[in-house]
$ cat protein-v4.cif   # mmCIF, C-alpha atoms
data_target
#
loop_
_atom_site.label_atom_id
_atom_site.label_comp_id
_atom_site.auth_asym_id
_atom_site.auth_seq_id
_atom_site.Cartn_x
_atom_site.Cartn_y
_atom_site.Cartn_z
CA SER A 1 0.00 0.00 0.00
CA LYS A 2 0.99 3.61 -0.37
CA ALA A 3 1.09 4.04 3.42
CA GLU A 4 3.37 1.02 3.86
CA ARG A 5 5.74 2.24 1.12
CA GLU A 6 5.88 5.68 2.74
CA ARG A 7 6.57 4.15 6.17
CA VAL A 8 9.38 1.95 4.84
CA LEU A 9 10.97 4.71 2.75
CA THR A 10 10.79 7.19 5.64
CA ALA A 11 12.53 4.71 7.93
CA PHE A 12 15.04 3.84 5.20
CA ARG A 13 15.90 7.51 4.62
CA ALA A 14 16.46 8.07 8.33
CA ALA A 15 18.70 5.00 8.65
CA TYR A 16 20.60 5.92 5.47
CA GLU A 17 21.21 9.49 6.63
CA ALA A 18 22.39 8.24 10.04
CA GLY A 19 24.62 5.54 8.55
CA ASP A 20 22.68 3.05 10.69
CA LEU A 21 23.72 -0.36 9.36
CA ALA A 22 21.49 -2.32 11.77
CA GLY A 23 18.52 -0.10 10.92
CA LEU A 24 18.99 -0.69 7.20
CA VAL A 25 19.34 -4.45 7.69
CA ARG A 26 16.01 -4.48 9.58
CA LEU A 27 14.30 -2.85 6.59
CA LEU A 28 15.80 -5.14 3.95
CA HIS A 29 14.55 -8.60 3.10
CA PRO A 30 17.28 -11.22 3.71
CA ASP A 31 17.22 -12.02 -0.03
CA ALA A 32 17.15 -8.37 -1.16
CA VAL A 33 18.80 -7.34 -4.42
CA TYR A 34 20.41 -3.97 -5.22
CA VAL A 35 20.41 -2.84 -8.85
CA THR A 36 22.09 0.29 -10.21
CA ASP A 37 21.93 2.01 -13.59
CA GLY A 38 24.73 4.41 -14.39
CA GLY A 39 24.32 4.00 -18.14
CA GLY A 40 28.10 3.90 -18.55
CA LYS A 41 28.14 7.62 -17.77
CA VAL A 42 28.60 7.56 -14.00
CA SER A 43 30.16 5.07 -11.63
CA ALA A 44 27.70 2.36 -10.59
CA ALA A 45 27.81 -1.23 -9.38
CA ARG A 46 28.45 -3.44 -12.40
CA ARG A 47 26.81 -6.48 -10.85
CA LEU A 48 23.69 -7.09 -8.83
CA ILE A 49 24.30 -7.13 -5.10
CA TYR A 50 22.41 -9.83 -3.19
CA GLY A 51 21.46 -10.20 0.47
CA GLY A 52 20.03 -7.71 2.95
CA GLU A 53 23.21 -7.40 4.99
CA ARG A 54 25.41 -6.90 1.93
CA VAL A 55 23.02 -4.34 0.44
CA ALA A 56 22.97 -2.46 3.77
CA GLU A 57 26.79 -2.42 3.87
CA VAL A 58 26.93 -0.99 0.36
CA MET A 59 24.33 1.63 1.27
CA VAL A 60 26.27 2.77 4.32
CA ARG A 61 29.49 2.97 2.31
CA THR A 62 27.93 4.90 -0.58
CA GLY A 63 26.16 7.22 1.86
CA ARG A 64 29.51 8.14 3.38
CA GLN A 65 31.11 8.66 -0.04
CA TRP A 66 28.31 10.61 -1.72
CA ARG A 67 27.04 12.59 1.26
CA PRO A 68 23.76 13.73 -0.26
CA GLU A 69 22.63 17.23 0.61
CA ARG A 70 18.97 16.29 0.32
CA ILE A 71 16.88 13.18 0.07
CA ASP A 72 13.34 13.97 -0.99
CA PHE A 73 10.26 11.94 -1.82
CA ALA A 74 8.78 12.04 -5.31
CA GLU A 75 6.26 10.03 -7.27
CA VAL A 76 8.00 8.07 -10.02
CA GLY A 77 6.11 5.68 -12.25
CA GLY A 78 3.10 6.01 -9.98
CA GLU A 79 5.01 4.99 -6.83
CA LEU A 80 6.84 6.82 -4.09
CA ALA A 81 10.60 7.06 -4.66
CA LEU A 82 13.63 8.69 -3.05
CA VAL A 83 15.39 11.50 -4.92
CA PHE A 84 19.00 12.10 -3.88
CA GLN A 85 20.53 15.53 -4.52
CA ARG A 86 24.05 16.87 -4.25
CA GLU A 87 25.47 20.21 -5.38
CA GLY A 88 21.97 21.31 -6.33
CA ARG A 89 21.49 18.44 -8.80
CA VAL A 90 19.61 15.16 -8.76
CA TYR A 91 22.16 12.36 -8.86
CA SER A 92 19.90 9.37 -8.24
CA VAL A 93 16.29 8.29 -8.10
CA ASP A 94 15.73 5.17 -6.02
CA THR A 95 12.71 2.91 -6.13
CA VAL A 96 11.92 -0.16 -4.09
CA GLN A 97 9.91 -3.33 -4.28
CA LEU A 98 8.37 -4.47 -1.02
CA THR A 99 7.70 -8.04 0.06
CA GLY A 100 6.09 -8.62 3.42
CA GLY A 101 6.83 -5.06 4.52
CA LEU A 102 10.56 -5.38 3.72
CA ILE A 103 12.58 -4.06 0.79
CA SER A 104 13.19 -7.00 -1.52
CA ALA A 105 14.56 -4.99 -4.46
CA TYR A 106 16.29 -1.62 -4.34
CA ARG A 107 16.81 0.09 -7.70
CA ARG A 108 19.05 3.15 -8.09
CA VAL A 109 19.01 5.09 -11.36
CA MET A 110 22.01 7.39 -11.74
CA ASN A 111 22.20 7.61 -15.54
CA PRO A 112 22.06 11.39 -16.15
CA ASP A 113 20.13 10.88 -19.39
CA LYS A 114 17.32 9.25 -17.40
CA LEU A 115 17.34 11.94 -14.69
CA VAL A 116 16.80 14.91 -16.99
CA ARG A 117 13.03 15.05 -16.29
CA VAL A 118 13.30 14.75 -12.51
#

$ encode --input "protein-v4.cif" --output "C-alpha cells"
Amino acid sequence: SKAERERVLTAFRAAYEAGDLAGLVRLLHPDAVYVTDGGGKVSAARRLIYGGERVAEVMVRTGRQWRPERIDFAEVGGELALVFQREGRVYSVDTVQLTGGLISAYRRVMNPDKLVRV
C-alpha cells in the first residue's frame, strides 16, 4: 500500500542518513537485491548485489562517499521514490519493491540521461 511504502521509505531515509547499518538491515529482506543504472556515464555497481546485509553495507558505504545534501520523496512511475541531490542536482532516483513489509529490491538510477526530467 501507499502508506506502507511511505513508512518503509521514511525509515530507510532516516537510517541511510544516520549511517545506521542495523537499521537498514532491519528494513531489507534477507534475499534483497540492489540494482544500479549508471548508463556507462557515472560510476555504478556493475553487478547485482544480493542479500540484505550486503546491500545495507553498500548503502552505508555509498552514503559516506556521496554525502547527499537532500533526500526527498517524489512520485515516479506512480510509486513513491527517493530523490537524492548533491550540489543542487539530482544524482539518483531510487525505487523499491516491497515483500512482506521489507525491501526485496532496491533500484538506483544514476544515468544522467534518465534523470533529466526529474

$ closest_residue --input "protein-v4.cif" --among "A:Thr62, A:Ala32, A:Tyr16, A:Arg70" --to "Leu48 of chain A" --atoms "all atoms listed in the file"
A:Ala32

$ residues_around --input "protein-v4.cif" --residues "Glu57 of chain A" --least-positions-apart "2" --cutoff "12 Å" --atoms "all atoms listed in the file" --output "PyMOL selection string"
chain A and resi 15-16+19-25+28+34+49-55+59-64

$ atom_distance --input "protein-v4.cif" --atom1 "atom CA of Asp94 of chain A" --atom2 "atom CA of Arg107 of chain A"
5.5 Å

$ atom_distance --input "protein-v4.cif" --atom1 "atom CA of Gly78 of chain A" --atom2 "atom CA of Asp31 of chain A"
25.0 Å

$ residues_around --input "protein-v4.cif" --residues "Ala3 of chain A" --least-positions-apart "6" --cutoff "12 Å" --atoms "only C-alpha atoms" --output "compact mmCIF listing (two decimals) with C-alpha atoms, keeping the file's coordinate frame"
# COMPACT_ATOMS: atom_id res chain seq x y z
CA LEU A 9 10.97 4.71 2.75
CA THR A 10 10.79 7.19 5.64
CA GLU A 79 5.01 4.99 -6.83
CA LEU A 80 6.84 6.82 -4.09
CA GLY A 101 6.83 -5.06 4.52

$ resolve_selection --input "protein-v4.cif" --expression "the PyMOL selection byres ((chain A and resi 75) around 12)" --output "PyMOL selection string"
chain A and resi 2+5-6+72-74+76-83+93-95+118

$ closest_residue --input "protein-v4.cif" --among "A:Val109, A:Gly88, A:Pro68, A:Arg26" --to "Phe12 of chain A" --atoms "all atoms listed in the file"
A:Arg26

$ residues_around --input "protein-v4.cif" --residues "Glu87 of chain A" --least-positions-apart "3" --cutoff "12 Å" --atoms "all atoms listed in the file" --output "PDB file with C-alpha atoms, keeping the file's coordinate frame"
ATOM      1  CA  TRP A  66      28.310  10.610  -1.720  1.00  0.00           C
ATOM      2  CA  ARG A  67      27.040  12.590   1.260  1.00  0.00           C
ATOM      3  CA  PRO A  68      23.760  13.730  -0.260  1.00  0.00           C
ATOM      4  CA  GLU A  69      22.630  17.230   0.610  1.00  0.00           C
ATOM      5  CA  ARG A  70      18.970  16.290   0.320  1.00  0.00           C
ATOM      6  CA  PHE A  84      19.000  12.100  -3.880  1.00  0.00           C
ATOM      7  CA  VAL A  90      19.610  15.160  -8.760  1.00  0.00           C
ATOM      8  CA  TYR A  91      22.160  12.360  -8.860  1.00  0.00           C
TER       9      TYR A  91
END

$ atom_distance --input "protein-v4.cif" --atom1 "atom CA of Thr36 of chain A" --atom2 "atom CA of Arg7 of chain A"
22.9 Å

$ residues_around --input "protein-v4.cif" --residues "Ile103 of chain A" --least-positions-apart "4" --cutoff "7 Å" --atoms "all atoms listed in the file" --output "count of residues only"
8
